[in-house]
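Enquirer: target.pdb (PDB, C-alpha atoms, pLDDT in the B column) pasted underneath:
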ATOM      1  CA  MET C 248     -14.320 -41.718   0.150  1.00 96.00           C
ATOM      2  CA  THR C 249     -17.982 -41.822  -0.733  1.00 96.00           C
ATOM      3  CA  ALA C 250     -21.151 -39.746  -0.545  1.00 96.00           C
ATOM      4  CA  ALA C 251     -24.881 -39.920  -1.136  1.00 95.00           C
ATOM      5  CA  HIS C 252     -26.706 -37.516  -3.433  1.00 94.00           C
ATOM      6  CA  ARG C 253     -30.316 -37.438  -4.616  1.00 92.00           C
ATOM      7  CA  THR C 254     -29.834 -36.925  -8.358  1.00 89.00           C
ATOM      8  CA  LEU C 255     -26.201 -37.132  -9.494  1.00 92.00           C
ATOM      9  CA  PRO C 256     -25.400 -40.294 -11.471  1.00 92.00           C
ATOM     10  CA  MET C 257     -23.886 -43.127  -9.460  1.00 94.00           C
ATOM     11  CA  ASN C 258     -20.083 -43.188  -9.678  1.00 95.00           C
ATOM     12  CA  SER C 259     -19.862 -39.442 -10.313  1.00 95.00           C
ATOM     13  CA  MET C 260     -16.721 -37.916  -8.825  1.00 95.00           C
ATOM     14  CA  VAL C 261     -17.398 -34.739  -6.851  1.00 95.00           C
ATOM     15  CA  ARG C 262     -15.097 -32.321  -5.041  1.00 96.00           C
ATOM     16  CA  VAL C 263     -16.699 -31.260  -1.753  1.00 95.00           C
ATOM     17  CA  THR C 264     -15.220 -28.124  -0.160  1.00 95.00           C
ATOM     18  CA  ASN C 265     -16.048 -26.836   3.303  1.00 94.00           C
ATOM     19  CA  VAL C 266     -16.737 -23.127   2.712  1.00 94.00           C
ATOM     20  CA  SER C 267     -15.617 -22.145   6.245  1.00 94.00           C
ATOM     21  CA  THR C 268     -12.299 -23.989   6.337  1.00 94.00           C
ATOM     22  CA  GLY C 269     -11.425 -24.402   2.660  1.00 96.00           C
ATOM     23  CA  ARG C 270     -10.695 -28.114   3.192  1.00 96.00           C
ATOM     24  CA  SER C 271     -11.876 -30.360   0.382  1.00 96.00           C
ATOM     25  CA  ALA C 272     -12.059 -34.000  -0.625  1.00 97.00           C
ATOM     26  CA  MET C 273     -12.887 -35.979  -3.733  1.00 97.00           C
ATOM     27  CA  VAL C 274     -15.806 -38.349  -3.191  1.00 97.00           C
ATOM     28  CA  ARG C 275     -17.608 -40.904  -5.342  1.00 97.00           C
ATOM     29  CA  ILE C 276     -21.410 -40.858  -5.369  1.00 96.00           C
ATOM     30  CA  THR C 277     -22.409 -44.396  -4.353  1.00 96.00           C
ATOM     31  CA  ASP C 278     -25.807 -43.953  -2.718  1.00 95.00           C
ATOM     32  CA  ARG C 279     -29.040 -41.932  -2.743  1.00 94.00           C
ATOM     33  CA  GLY C 280     -29.909 -39.391  -0.085  1.00 90.00           C
ATOM     34  CA  PRO C 281     -29.887 -37.399   2.054  1.00 90.00           C
ATOM     35  CA  PHE C 282     -33.553 -37.349   2.843  1.00 87.00           C
ATOM     36  CA  VAL C 283     -33.492 -34.166   4.936  1.00 86.00           C
ATOM     37  CA  GLU C 284     -34.755 -31.318   2.759  1.00 83.00           C
ATOM     38  CA  GLU C 285     -32.086 -28.685   3.469  1.00 84.00           C
ATOM     39  CA  ARG C 286     -29.196 -31.113   2.924  1.00 88.00           C
ATOM     40  CA  ILE C 287     -27.974 -32.137  -0.489  1.00 87.00           C
ATOM     41  CA  VAL C 288     -25.103 -34.504   0.292  1.00 93.00           C
ATOM     42  CA  ASP C 289     -24.294 -37.113   2.954  1.00 94.00           C
ATOM     43  CA  LEU C 290     -20.588 -37.822   3.380  1.00 94.00           C
ATOM     44  CA  SER C 291     -18.897 -41.012   4.525  1.00 94.00           C
ATOM     45  CA  LEU C 292     -17.099 -40.690   7.856  1.00 94.00           C
ATOM     46  CA  ALA C 293     -13.691 -40.492   6.140  1.00 95.00           C
ATOM     47  CA  ALA C 294     -14.898 -37.720   3.813  1.00 96.00           C
ATOM     48  CA  ALA C 295     -16.559 -35.845   6.682  1.00 94.00           C
ATOM     49  CA  LYS C 296     -13.286 -35.901   8.622  1.00 95.00           C
ATOM     50  CA  ALA C 297     -11.325 -34.771   5.551  1.00 96.00           C
ATOM     51  CA  VAL C 298     -13.486 -31.663   5.056  1.00 95.00           C
ATOM     52  CA  ASP C 299     -13.984 -30.813   8.771  1.00 93.00           C
ATOM     53  CA  VAL C 300     -17.671 -31.718   8.861  1.00 91.00           C
ATOM     54  CA  TRP C 301     -17.302 -34.600  11.318  1.00 88.00           C
ATOM     55  CA  ARG C 302     -17.270 -32.704  14.620  1.00 87.00           C
ATOM     56  CA  PRO C 303     -19.866 -29.997  13.882  1.00 85.00           C
ATOM     57  CA  GLY C 304     -22.112 -32.488  12.062  1.00 86.00           C
ATOM     58  CA  THR C 305     -23.136 -30.160   9.229  1.00 89.00           C
ATOM     59  CA  ALA C 306     -21.423 -27.408   7.273  1.00 92.00           C
ATOM     60  CA  GLU C 307     -21.873 -25.185   4.250  1.00 92.00           C
ATOM     61  CA  VAL C 308     -20.091 -26.885   1.361  1.00 93.00           C
ATOM     62  CA  LYS C 309     -19.427 -26.252  -2.309  1.00 92.00           C
ATOM     63  CA  LEU C 310     -19.923 -29.163  -4.713  1.00 93.00           C
ATOM     64  CA  GLU C 311     -18.047 -29.417  -7.996  1.00 92.00           C
ATOM     65  CA  VAL C 312     -18.740 -32.332 -10.332  1.00 92.00           C
ATOM     66  CA  VAL C 313     -15.373 -33.468 -11.655  1.00 92.00           C
ATOM     67  CA  SER C 314     -16.659 -36.372 -13.739  1.00 92.00           C
ATOM     68  CA  ALA C 315     -19.907 -38.221 -14.291  1.00 90.00           C
ATOM     69  CA  PRO C 316     -20.583 -41.478 -16.138  1.00 90.00           C
ATOM     70  CA  ALA C 317     -23.745 -40.010 -17.673  1.00 83.00           C
ATOM     71  CA  PRO C 318     -24.754 -36.521 -18.759  1.00 79.00           C
ATOM     72  CA  ILE C 319     -26.144 -34.347 -15.994  1.00 76.00           C
ATOM     73  CA  LEU C 320     -29.472 -32.971 -17.093  1.00 65.00           C
ATOM     74  CA  GLU C 321     -30.257 -29.314 -16.525  1.00 54.00           C
ATOM     75  CA  ALA C 322     -33.026 -30.310 -14.115  1.00 47.00           C
ATOM     76  CA  ASP C 323     -30.563 -32.415 -12.118  1.00 50.00           C
ATOM     77  CA  ALA C 324     -28.033 -29.597 -12.011  1.00 44.00           C
ATOM     78  CA  GLY C 325     -30.650 -27.338 -10.450  1.00 39.00           C
ATOM     79  CA  ALA C 326     -31.662 -30.005  -7.987  1.00 41.00           C
ATOM     80  CA  CYS C 327     -28.107 -30.603  -6.832  1.00 44.00           C
ATOM     81  CA  ARG C 328     -27.236 -26.908  -6.717  1.00 40.00           C
ATOM     82  CA  LEU C 329     -23.806 -27.340  -8.257  1.00 36.00           C
ATOM     83  CA  ALA C 330     -20.959 -24.936  -7.595  1.00 36.00           C
ATOM     84  CA  PRO C 331     -20.711 -22.091  -6.880  1.00 34.00           C
ATOM     85  CA  SER C 332     -23.724 -22.371  -4.600  1.00 35.00           C
ATOM     86  CA  THR C 333     -23.434 -23.837  -1.128  1.00 42.00           C
ATOM     87  CA  ALA C 334     -25.332 -26.548   0.637  1.00 47.00           C
ATOM     88  CA  LYS C 335     -25.392 -28.391   3.927  1.00 54.00           C
ATOM     89  CA  ALA C 336     -23.487 -31.631   4.252  1.00 57.00           C
ATOM     90  CA  LYS C 337     -23.852 -34.194   7.006  1.00 55.00           C
ATOM     91  CA  PRO C 338     -21.564 -37.128   7.714  1.00 58.00           C
ATOM     92  CA  ALA C 339     -23.077 -40.601   7.579  1.00 57.00           C
ATOM     93  CA  SER C 340     -23.842 -42.190  10.925  1.00 51.00           C
TER      94      SER C 340
END
Could you express the structure from this file as structure tokens?
Expert:
Amino acid sequence: MTAAHRTLPMNSMVRVTNVSTGRSAMVRITDRGPFVEERIVDLSLAAAKAVDVWRPGTAEVKLEVVSAPAPILEADAGACRLAPSTAKAKPAS
């Protein structure tokens, strides 16, 4: 399962958890985006289904970086609002 994120290093592994349902999935960052200001992650269709984001289209999610191939700079951490904050996720079209 894959996702797009603006600043996390490519090939980072991230746990995405739907705050409302508690369902989560591990995704690999393979793309840049989303380009909608209030969203911080776009999920592949499989990931969106796994975390119950597919039907509603967006949801409050928690992101936890499990591993990254490069150090995550403090500025990037703020930009991606890492756990425990929440953010909107939208499945890819």
Enquirer: CA of Asn258 in chain C and CA of Glu307 in chain C, how far apart in Å?
Expert: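 If I compute the distance from CA of Glu307 in chain C to CA of Asn258 in chain C, I get 22.8 Å.
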Enquirer: Give me the result of the PyMOL selection byres ((chain C and resi 249) around 6) on this file, residue by residue, as a VMD selection string.
Expert: chain C and resid 248 250 274 to 276 291
Enquirer: Rank nothing, just name the residue among C:Thr254, C:Ser259, C:Thr277, C:Ser271 nearest to Val308 in chain C, using only C-alpha atoms.
Expert: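 Using only C-alpha atoms, the shortest distance to Val308 in chain C belongs to C:Ser271.
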Enquirer: Counting only C-alpha atoms, what is within 6 Å of His252 in chain C, bar same-chain residues fewer than 6 positions away, as a PyMOL selection string?
Expert: chain C and resi 279-280+288
Enquirer: Give the answer as one residue: which of C:Ala295, C:Val283, C:Leu290, C:Leu255 has the shortest atom-to-atom distance to Arg270 in chain C, using only C-alpha atoms?
Expert: C:Ala295
Enquirer: Work out how far apart CA of Ala297 in chain C and CA of Pro256 in chain C are and give it in Å to one decimal.
Expert: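 Atom-to-atom, CA of Ala297 in chain C to CA of Pro256 in chain C, that is 22.8 Å.
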Enquirer: Grab the CA of Thr268 in chain C to CA of Glu284 in chain C distance for me, in Å with one decimal place.
Expert: 23.9 Å
Enquirer: Skip Val312 in chain C itself and residues of its chain fewer than 6 positions away, then list as an NGL selection string all residues within 7 Å of it, counting all atoms listed in the file.
Expert: :C and (260-262)
Enquirer: Would you output that residue set with C-alpha atoms, as a short mmCIF file (atom, residue, chain, number, x, y, z; two decimals), in the frame of the given file?
Expert:
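Printed below is result.cif as written:
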data_model
loop_
_atom_site.label_atom_id
_atom_site.label_comp_id
_atom_site.auth_asym_id
_atom_site.auth_seq_id
_atom_site.Cartn_x
_atom_site.Cartn_y
_atom_site.Cartn_z
CA MET C 260 -16.72 -37.92 -8.82
CA VAL C 261 -17.40 -34.74 -6.85
CA ARG C 262 -15.10 -32.32 -5.04
#
Enquirer: If you apply the PyMOL selection byres ((chain C and resi 301) around 10) to this file, what residues do you get, as a VMD selection string?
Expert: chain C and resid 290 to 300 302 to 306 336 to 339
Enquirer: Of the residues C:Arg286, C:Ala272, C:Asn265, C:Pro318, which is the one nearest to Arg253 in chain C, using all atoms listed in the file?
Expert: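 For Arg253 in chain C, the nearest of the given residues is C:Arg286.
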